[in-house]
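This is start.pdb (PDB, C-alpha atoms).
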```
ATOM      1  CA  MET A   1       0.000   0.000   0.000  1.00  0.00           C
ATOM      2  CA  ILE A   2       2.830   2.412   0.867  1.00  0.00           C
ATOM      3  CA  LYS A   3       4.508   1.632  -2.461  1.00  0.00           C
ATOM      4  CA  LYS A   4       1.349   2.538  -4.357  1.00  0.00           C
ATOM      5  CA  ILE A   5       0.946   5.832  -2.491  1.00  0.00           C
ATOM      6  CA  LEU A   6       4.618   6.645  -3.124  1.00  0.00           C
ATOM      7  CA  VAL A   7       4.238   5.922  -6.853  1.00  0.00           C
ATOM      8  CA  ILE A   8       1.109   8.091  -7.047  1.00  0.00           C
ATOM      9  CA  CYS A   9       2.873  10.953  -5.227  1.00  0.00           C
ATOM     10  CA  ILE A  10       5.878  10.741  -7.550  1.00  0.00           C
ATOM     11  CA  PHE A  11       3.556  10.584 -10.558  1.00  0.00           C
ATOM     12  CA  ILE A  12       1.669  13.696  -9.422  1.00  0.00           C
ATOM     13  CA  LEU A  13       4.903  15.530  -8.615  1.00  0.00           C
ATOM     14  CA  PHE A  14       6.381  14.865 -12.059  1.00  0.00           C
ATOM     15  CA  LEU A  15       3.097  15.659 -13.788  1.00  0.00           C
ATOM     16  CA  PHE A  16       2.932  19.008 -11.994  1.00  0.00           C
ATOM     17  CA  LEU A  17       6.602  19.731 -12.779  1.00  0.00           C
ATOM     18  CA  PHE A  18       6.172  19.014 -16.482  1.00  0.00           C
ATOM     19  CA  LEU A  19       2.887  20.939 -16.716  1.00  0.00           C
ATOM     20  CA  TYR A  20       4.458  23.929 -14.952  1.00  0.00           C
ATOM     21  CA  SER A  21       7.608  23.990 -17.076  1.00  0.00           C
ATOM     22  CA  GLY A  22       5.618  23.388 -20.258  1.00  0.00           C
ATOM     23  CA  TYR A  23       3.263  26.259 -19.434  1.00  0.00           C
ATOM     24  CA  TYR A  24       6.097  28.744 -18.914  1.00  0.00           C
ATOM     25  CA  SER A  25       7.937  27.608 -22.029  1.00  0.00           C
ATOM     26  CA  LEU A  26       4.764  28.057 -24.058  1.00  0.00           C
ATOM     27  CA  LYS A  27       4.067  31.426 -22.423  1.00  0.00           C
ATOM     28  CA  TYR A  28       7.511  32.872 -23.237  1.00  0.00           C
ATOM     29  CA  THR A  29       7.439  31.515 -26.777  1.00  0.00           C
ATOM     30  CA  TYR A  30       4.046  33.189 -27.245  1.00  0.00           C
ATOM     31  CA  ILE A  31       5.392  36.482 -25.838  1.00  0.00           C
ATOM     32  CA  PHE A  32       8.310  36.334 -28.267  1.00  0.00           C
ATOM     33  CA  LEU A  33       6.021  35.712 -31.245  1.00  0.00           C
ATOM     34  CA  GLU A  34       3.591  38.457 -30.222  1.00  0.00           C
ATOM     35  CA  SER A  35       6.315  41.015 -29.549  1.00  0.00           C
ATOM     36  CA  LYS A  36       7.737  40.680 -33.071  1.00  0.00           C
ATOM     37  CA  ASN A  37       4.786  42.792 -34.271  1.00  0.00           C
ATOM     38  CA  TRP A  38       5.010  45.525 -31.644  1.00  0.00           C
ATOM     39  CA  PRO A  39       5.423  49.106 -32.849  1.00  0.00           C
ATOM     40  CA  SER A  40       8.584  51.022 -32.050  1.00  0.00           C
ATOM     41  CA  ALA A  41       9.305  54.369 -30.417  1.00  0.00           C
ATOM     42  CA  LYS A  42      12.378  56.490 -29.992  1.00  0.00           C
ATOM     43  CA  GLY A  43      14.080  56.229 -26.641  1.00  0.00           C
ATOM     44  CA  SER A  44      17.201  57.223 -24.732  1.00  0.00           C
ATOM     45  CA  ILE A  45      19.549  55.173 -22.601  1.00  0.00           C
ATOM     46  CA  LEU A  46      19.623  56.485 -19.034  1.00  0.00           C
ATOM     47  CA  ASN A  47      22.029  54.064 -17.361  1.00  0.00           C
ATOM     48  CA  VAL A  48      24.196  51.098 -18.323  1.00  0.00           C
ATOM     49  CA  GLN A  49      25.939  48.736 -15.925  1.00  0.00           C
ATOM     50  CA  VAL A  50      27.013  45.153 -15.348  1.00  0.00           C
ATOM     51  CA  ASN A  51      25.589  43.333 -12.336  1.00  0.00           C
ATOM     52  CA  LYS A  52      27.496  40.423 -10.850  1.00  0.00           C
ATOM     53  CA  SER A  53      25.690  37.427  -9.388  1.00  0.00           C
ATOM     54  CA  THR A  54      27.051  34.156  -8.047  1.00  0.00           C
ATOM     55  CA  ASP A  55      25.319  30.970  -9.106  1.00  0.00           C
ATOM     56  CA  GLN A  56      25.034  29.080  -5.819  1.00  0.00           C
ATOM     57  CA  PHE A  57      24.670  25.686  -7.461  1.00  0.00           C
ATOM     58  CA  ALA A  58      27.605  25.865  -9.878  1.00  0.00           C
ATOM     59  CA  GLN A  59      29.655  28.241  -7.694  1.00  0.00           C
ATOM     60  CA  ILE A  60      30.495  30.534 -10.601  1.00  0.00           C
ATOM     61  CA  ASP A  61      30.136  34.264 -11.100  1.00  0.00           C
ATOM     62  CA  LEU A  62      27.785  35.472 -13.806  1.00  0.00           C
ATOM     63  CA  TYR A  63      27.667  38.987 -15.211  1.00  0.00           C
ATOM     64  CA  PHE A  64      24.334  40.452 -16.288  1.00  0.00           C
ATOM     65  CA  PRO A  65      24.110  43.537 -18.499  1.00  0.00           C
ATOM     66  CA  ALA A  66      21.567  46.069 -17.228  1.00  0.00           C
ATOM     67  CA  ILE A  67      20.178  48.901 -19.326  1.00  0.00           C
ATOM     68  CA  GLU A  68      17.721  51.505 -18.082  1.00  0.00           C
ATOM     69  CA  TYR A  69      16.003  53.553 -20.754  1.00  0.00           C
ATOM     70  CA  ASP A  70      13.039  55.796 -21.408  1.00  0.00           C
ATOM     71  CA  TYR A  71      10.784  56.110 -24.430  1.00  0.00           C
ATOM     72  CA  THR A  72       7.824  58.235 -25.439  1.00  0.00           C
ATOM     73  CA  VAL A  73       4.452  57.007 -26.678  1.00  0.00           C
ATOM     74  CA  ASN A  74       1.626  59.523 -27.294  1.00  0.00           C
ATOM     75  CA  ASN A  75       3.630  62.241 -25.483  1.00  0.00           C
ATOM     76  CA  ILE A  76       3.883  60.091 -22.323  1.00  0.00           C
ATOM     77  CA  ILE A  77       7.322  59.069 -21.079  1.00  0.00           C
ATOM     78  CA  PHE A  78       7.788  55.454 -19.988  1.00  0.00           C
ATOM     79  CA  TYR A  79      10.765  53.855 -18.237  1.00  0.00           C
ATOM     80  CA  SER A  80      11.989  50.278 -18.525  1.00  0.00           C
ATOM     81  CA  ASP A  81      14.964  47.992 -18.070  1.00  0.00           C
ATOM     82  CA  ASN A  82      13.806  45.021 -20.180  1.00  0.00           C
ATOM     83  CA  ILE A  83      16.372  44.128 -22.778  1.00  0.00           C
ATOM     84  CA  TYR A  84      14.576  41.103 -24.232  1.00  0.00           C
ATOM     85  CA  SER A  85      10.932  40.481 -25.047  1.00  0.00           C
ATOM     86  CA  SER A  86      10.413  37.696 -22.525  1.00  0.00           C
ATOM     87  CA  ASN A  87      12.166  39.331 -19.542  1.00  0.00           C
ATOM     88  CA  TYR A  88      15.026  36.965 -20.249  1.00  0.00           C
ATOM     89  CA  LYS A  89      18.214  38.007 -18.472  1.00  0.00           C
ATOM     90  CA  ALA A  90      21.373  37.075 -20.373  1.00  0.00           C
ATOM     91  CA  GLY A  91      24.207  36.142 -18.042  1.00  0.00           C
ATOM     92  CA  PHE A  92      27.808  35.994 -19.225  1.00  0.00           C
ATOM     93  CA  ALA A  93      30.636  33.974 -17.713  1.00  0.00           C
ATOM     94  CA  ALA A  94      33.088  36.853 -18.072  1.00  0.00           C
ATOM     95  CA  LYS A  95      32.614  40.526 -17.294  1.00  0.00           C
ATOM     96  CA  LYS A  96      34.406  41.315 -20.557  1.00  0.00           C
ATOM     97  CA  GLN A  97      31.604  39.577 -22.511  1.00  0.00           C
ATOM     98  CA  ALA A  98      28.921  41.576 -20.702  1.00  0.00           C
ATOM     99  CA  LEU A  99      30.791  44.818 -21.374  1.00  0.00           C
ATOM    100  CA  LEU A 100      31.148  43.861 -25.034  1.00  0.00           C
ATOM    101  CA  PHE A 101      27.380  43.287 -25.204  1.00  0.00           C
ATOM    102  CA  LEU A 102      26.824  46.737 -23.655  1.00  0.00           C
ATOM    103  CA  SER A 103      29.287  48.491 -25.983  1.00  0.00           C
ATOM    104  CA  TYR A 104      26.432  49.377 -28.348  1.00  0.00           C
ATOM    105  CA  TYR A 105      24.363  50.822 -25.514  1.00  0.00           C
ATOM    106  CA  GLN A 106      25.986  53.943 -24.068  1.00  0.00           C
ATOM    107  CA  THR A 107      24.315  56.361 -21.678  1.00  0.00           C
ATOM    108  CA  GLY A 108      22.652  59.145 -23.671  1.00  0.00           C
ATOM    109  CA  ASN A 109      22.429  57.167 -26.932  1.00  0.00           C
ATOM    110  CA  LYS A 110      19.159  57.265 -28.858  1.00  0.00           C
ATOM    111  CA  ILE A 111      17.632  53.818 -29.351  1.00  0.00           C
ATOM    112  CA  GLU A 112      14.693  52.042 -30.914  1.00  0.00           C
ATOM    113  CA  VAL A 113      12.327  50.638 -28.261  1.00  0.00           C
ATOM    114  CA  TYR A 114       9.584  48.129 -29.063  1.00  0.00           C
ATOM    115  CA  TYR A 115       6.479  48.498 -26.908  1.00  0.00           C
ATOM    116  CA  ASN A 116       3.262  46.587 -26.385  1.00  0.00           C
ATOM    117  CA  PRO A 117       0.450  48.477 -28.164  1.00  0.00           C
ATOM    118  CA  LEU A 118      -2.033  47.238 -25.533  1.00  0.00           C
ATOM    119  CA  ASN A 119       0.188  48.092 -22.556  1.00  0.00           C
ATOM    120  CA  HIS A 120       2.671  50.857 -23.333  1.00  0.00           C
ATOM    121  CA  ASP A 121       4.494  50.173 -20.066  1.00  0.00           C
ATOM    122  CA  GLU A 122       5.731  46.850 -21.477  1.00  0.00           C
ATOM    123  CA  SER A 123       8.744  47.184 -23.746  1.00  0.00           C
ATOM    124  CA  HIS A 124      12.053  45.696 -24.851  1.00  0.00           C
ATOM    125  CA  LEU A 125      15.080  46.495 -26.956  1.00  0.00           C
ATOM    126  CA  LYS A 126      15.616  43.118 -28.623  1.00  0.00           C
ATOM    127  CA  SER A 127      13.521  40.136 -29.542  1.00  0.00           C
ATOM    128  CA  ARG A 128      15.243  36.968 -28.524  1.00  0.00           C
ATOM    129  CA  PHE A 129      14.035  33.531 -29.400  1.00  0.00           C
ATOM    130  CA  ASN A 130      15.195  31.126 -26.748  1.00  0.00           C
ATOM    131  CA  LEU A 131      15.542  27.599 -28.139  1.00  0.00           C
ATOM    132  CA  PHE A 132      15.788  26.319 -24.592  1.00  0.00           C
ATOM    133  CA  ASN A 133      12.089  27.215 -24.116  1.00  0.00           C
ATOM    134  CA  ILE A 134      11.147  25.034 -27.086  1.00  0.00           C
ATOM    135  CA  PHE A 135      13.312  22.193 -25.758  1.00  0.00           C
ATOM    136  CA  ILE A 136      11.645  22.402 -22.325  1.00  0.00           C
ATOM    137  CA  LEU A 137       8.199  22.545 -23.934  1.00  0.00           C
ATOM    138  CA  LEU A 138       8.846  19.448 -26.086  1.00  0.00           C
ATOM    139  CA  PHE A 139      10.501  17.629 -23.178  1.00  0.00           C
ATOM    140  CA  SER A 140       7.494  18.415 -20.967  1.00  0.00           C
ATOM    141  CA  ILE A 141       4.974  17.284 -23.581  1.00  0.00           C
ATOM    142  CA  PHE A 142       6.913  14.051 -24.091  1.00  0.00           C
ATOM    143  CA  TRP A 143       6.887  13.210 -20.380  1.00  0.00           C
ATOM    144  CA  ILE A 144       3.257  14.252 -19.890  1.00  0.00           C
ATOM    145  CA  VAL A 145       2.311  11.801 -22.673  1.00  0.00           C
ATOM    146  CA  ILE A 146       4.489   9.063 -21.133  1.00  0.00           C
ATOM    147  CA  LEU A 147       2.966   9.614 -17.687  1.00  0.00           C
ATOM    148  CA  PHE A 148      -0.532   9.631 -19.183  1.00  0.00           C
ATOM    149  CA  LEU A 149       0.126   6.350 -21.014  1.00  0.00           C
ATOM    150  CA  ILE A 150       1.520   4.769 -17.853  1.00  0.00           C
ATOM    151  CA  TYR A 151      -1.557   5.897 -15.956  1.00  0.00           C
ATOM    152  CA  CYS A 152      -4.025   4.744 -18.645  1.00  0.00           C
ATOM    153  CA  THR A 153      -2.455   1.368 -19.283  1.00  0.00           C
ATOM    154  CA  GLY A 154      -2.090   0.645 -15.603  1.00  0.00           C
ATOM    155  CA  ILE A 155       1.577  -0.280 -15.897  1.00  0.00           C
ATOM    156  CA  SER A 156       2.837  -1.100 -12.456  1.00  0.00           C
ATOM    157  CA  ILE A 157       6.043   0.603 -11.424  1.00  0.00           C
ATOM    158  CA  GLU A 158       7.857  -1.239  -8.684  1.00  0.00           C
ATOM    159  CA  ILE A 159       9.886   0.783  -6.241  1.00  0.00           C
ATOM    160  CA  PRO A 160      12.251  -1.439  -4.282  1.00  0.00           C
ATOM    161  CA  MET A 161      11.860  -0.806  -0.573  1.00  0.00           C
ATOM    162  CA  LYS A 162      13.899  -2.441   2.114  1.00  0.00           C
TER     163      LYS A 162
END
```
Go ahead and render the structure in this file as structure tokens.
Amino acid sequence: MIKKILVICIFILFLFLFLYSGYYSLKYTYIFLESKNWPSAKGSILNVQVNKSTDQFAQIDLYFPAIEYDYTVNNIIFYSDNIYSSNYKAGFAAKKQALLFLSYYQTGNKIEVYYNPLNHDESHLKSRFNLFNIFILLFSIFWIVILFLIYCTGISIEIPMK
């Protein structure tokens, strides 16, 4: 009886994990596709910097470019720091790489900002398609189907317990 409850709990845990990751992968892919059609506005770079963060798991330092900018839509000034369409934050292993990325974006430069026509507060500088999102989505769908087939066919999974 305990084995069966354990198998059901593991099944539900993995199902939730794959549904959750699949949902977010689909969501960010949708945002990317939608944002490709957003109108643009002229903007100015207000601040540029590199933020350092330590990945606790891998014990490595990552460097994240940060750009603050403003842009005007219908004579209203908006402020943002989103670089990519899906709020993706690109981390670099070396500070030099992050600085190279930021070399195009200098404080005071005029830039093209893409904004959401339904919510002018939402904007980005670049559209970035993240293949990792597609991989996670396909991986999640694969395992949801496998778990569903296991559930429907009643395949018994034995967990050795001492």
* When the PyMOL selection byres ((chain A and resi 93) around 6) is applied to the file above, which residues end up in the set, as a VMD selection string? -> chain A and resid 62 92 94
* To do: Would you list the contacts of Leu99 in chain A as a ChimeraX atom specification, taking every protein, DNA or RNA residue within 12 Å and counting all atoms listed in the file, but skipping same-chain residues closer than 5 positions in sequence?
  => /A:48-52,63-67,91-94,104-106
* Structure fact -> In terms of only C-alpha atoms, the residue from A:Ile77, A:Leu137, A:Trp38, A:Tyr84 at minimal distance from Leu118 in chain A is A:Trp38
* the PyMOL selection byres ((chain A and resi 107) around 6) resolved against shown file, as an MDAnalysis selection string -> chainID A and resid 45:47 106 108:109
* Asked: Hey, what's within 9 Å of Lys36 in chain A if we count only C-alpha atoms and toss same-chain stuff fewer than 4 positions away? As a count of residues only, please?
  -> 5
* Extract, using all atoms listed in the file, all DNA, RNA and protein residues at most 7 Å from range 119-124 of chain A, discarding same-chain residues fewer than 3 positions from it, and format them as a ChimeraX atom specification. => /A:78,80,82-85,113-116
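Take the candidates A:Ser140, A:Thr54, A:Ser44, A:Ser103 and check each one against Tyr79 in chain A using all atoms listed in the file; the shortest distance goes to A:Ser44.
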* Structure fact -> Here CA of Ile134 in chain A and CA of Tyr69 in chain A stand apart by 29.6 Å
* Residue among A:Ile136, A:Lys126, A:Lys42, A:Lys89 lying closest to Lys27 in chain A, counting only C-alpha atoms -> A:Ile136
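Among A:Ile111, A:Ile150, A:Leu125, A:Ile10, the residue with the shortest atom-to-atom distance to Asp81 in chain A, counting only C-alpha atoms, is A:Leu125.
Atom pair CA of Val145 in chain A / CA of Leu15 in chain A has a distance of 9.7 Å (rounded to one decimal).
Between Tyr24 in chain A and the residues A:Phe135, A:Tyr71, A:Phe57, A:Phe11, the shortest atom-to-atom distance, using all atoms listed in the file, involves A:Phe135.
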* **One-decimal distance in Å that lies between CA of Leu33 in chain A and CA of Trp143 in chain A** =>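 Computed distance, CA of Trp143 in chain A to CA of Leu33 in chain A, equals 25.0 Å.
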* Residue nearest Glu112 in chain A among A:Ile5, A:Pro39, A:Phe14, A:Leu19 (counting all atoms listed in the file) ->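 Ranking A:Ile5, A:Pro39, A:Phe14, A:Leu19 by distance to Glu112 in chain A, first place goes to A:Pro39.
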